[in-house]
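K.L.:
Dropping a structure here in C-alpha cells format, bear with me for questions.
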Amino acid sequence: MMRFLWALALGATLTSAEAKLTFTKSFPESVPDYYRVVVHENGEAEYATAPDDPQPEKFKLSEDLVKQAFDLAAKLDHFKGESLEIRKKIANMGKKTFTYDNGDEHGSQTFNYSERQEAIDLLNIFEHISNTEQAIIELDRIMHFDKLGLMKYLLQVEIQFDRKELAEPTLLTRTLEEIAANKAYMDIARIRARLILTKIQNGASK
C-alpha cells in the first residue's frame, strides 16, 4: 500500500514538473566565451559563464518575455523536429544549443547558424538576456576595481539599451541607482547612470 502511494506521489510530482528552457553558447573568440541561460516557466532564471559554475546569477523575468520564449520554442517543436542548422557552410559563429525539458519530455538541438525566424528570435532573446546580465556583472567589477572606466562602460550600456539589445533592462536598476547615489564616482558617470535610469523607467511605463 505504501509503495502504491509513493508511486502515486512520484507520478504527481513528474506530472507537475515545470517546463524550462536552457540555452548555451560556446564561442572561444567572444566575451564571455561560454554562457548558459536557464528560463523556468514561472519566470525564475539563471545565468552562468562557466559550465561548472556553482553559483549562477539568479533573477526573475517578466511574464511577457517568458511567454515569448516558450511560444517560440513551441513553434520549433520544442527542438525535436527538423534541424535548425543551415544547410550551406558558413563561418563559425559559436556552438549554440537550445534545450527544452518538461518532466519526461525532452528536446534539444545544437547549431552554428539558423535561418528559421523562430530560432533567430529565440536566440535574440537569450543573447539579450546575456547582455543584461553581463552588464550587471561588468558594472559591479568596474565599480570596485576600475572607477575611471565606469563612464566608458556606461556609454556602452546606454548604446545597447538604445539599440534594444538588453532584455529586461529594469534588472539594471539597483546597480545604476547605486552608481548615481555614490559620490565616490565621477559626477559625469553618476549623471550618465541617472540618464540611463530615466530611459529605463520611461520604457517600462510604456
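Just so we're on the same page: first chain in the C-alpha cells is A, next is B, and so on; residues restart at 1 for each chain, and ligands are numbered from 1 in the order they show up.
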Tyr185 in chain A: which residues within 12 Å, counting only C-alpha atoms, same-chain residues fewer than 3 positions away excluded, as JSON, numbers by chain?

P.N.:
{"A": [142, 143, 144, 145, 146, 147, 148, 149, 150, 151, 176, 178, 179, 180, 181, 182, 188, 189, 190, 191, 192, 193]}

K.L.:
Going by DSSP on the backbone, which bits of chain A are alpha helix (DSSP H)? Write them as a PyMOL selection string, please.

P.N.:
chain A and resi 2-15+63-75+117-145+150-162+173-181+187-204

K.L.:
Write out as a PDB file with C-alpha atoms, in the first residue's frame the residues lying within 6 Å of range 104-117 of chain A, counting only C-alpha atoms and excluding same-chain residues fewer than 4 positions away.

P.N.:
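As a result, selection.pdb now contains:
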```
ATOM      1  CA  HIS A  78      10.471  22.025 -28.631  1.00  0.00           C
ATOM      2  CA  PHE A  79      13.650  21.306 -30.640  1.00  0.00           C
ATOM      3  CA  LYS A  80      12.560  17.785 -31.581  1.00  0.00           C
ATOM      4  CA  LEU A  84      17.756  24.213 -37.211  1.00  0.00           C
ATOM      5  CA  GLU A  85      21.176  24.236 -38.857  1.00  0.00           C
ATOM      6  CA  ILE A  86      21.560  25.967 -42.196  1.00  0.00           C
ATOM      7  CA  MET A  93      29.602  31.719 -35.218  1.00  0.00           C
ATOM      8  CA  GLY A  94      29.677  29.752 -31.988  1.00  0.00           C
ATOM      9  CA  LYS A  95      28.180  26.474 -30.863  1.00  0.00           C
ATOM     10  CA  LYS A  96      24.615  27.102 -29.691  1.00  0.00           C
ATOM     11  CA  THR A  97      22.229  24.661 -28.040  1.00  0.00           C
ATOM     12  CA  PHE A  98      18.518  25.022 -27.320  1.00  0.00           C
ATOM     13  CA  THR A  99      17.079  22.536 -24.811  1.00  0.00           C
ATOM     14  CA  TYR A 100      13.506  22.029 -23.602  1.00  0.00           C
TER      15      TYR A 100
END
```

K.L.:
How far is it from CA of Glu18 in chain A to CA of Lys75 in chain A, in Å with one decimal?

P.N.:
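Spanning CA of Glu18 in chain A to CA of Lys75 in chain A is a straight-line distance of 18.7 Å.
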
K.L.:
With only C-alpha atoms as the atoms that count, which of A:Tyr34, A:Glu177, A:Lys183, A:Lys164 lies nearest to Gly203 in chain A?

P.N.:
A:Lys164

K.L.:
Could you tell me how far CA of Tyr47 in chain A lies from CA of Leu172 in chain A, in Å and to one decimal?

P.N.:
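CA of Leu172 in chain A lies at a distance of 14.6 Å from CA of Tyr47 in chain A.
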
K.L.:
Please provide the set of residues having any atom within 9 Å of Thr170 in chain A, restricted to only C-alpha atoms, with same-chain residues fewer than 4 positions apart removed, written as a list in words.

P.N.:
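Contacts, in chain order: Arg174, Leu197, Ile200, Gln201 and Ala204 of chain A.
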
K.L.:
Quote the spacing between CA of Ile137 in chain A and CA of Ala19 in chain A in Å to one decimal place.

P.N.:
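CA of Ala19 in chain A lies 27.2 Å from CA of Ile137 in chain A.
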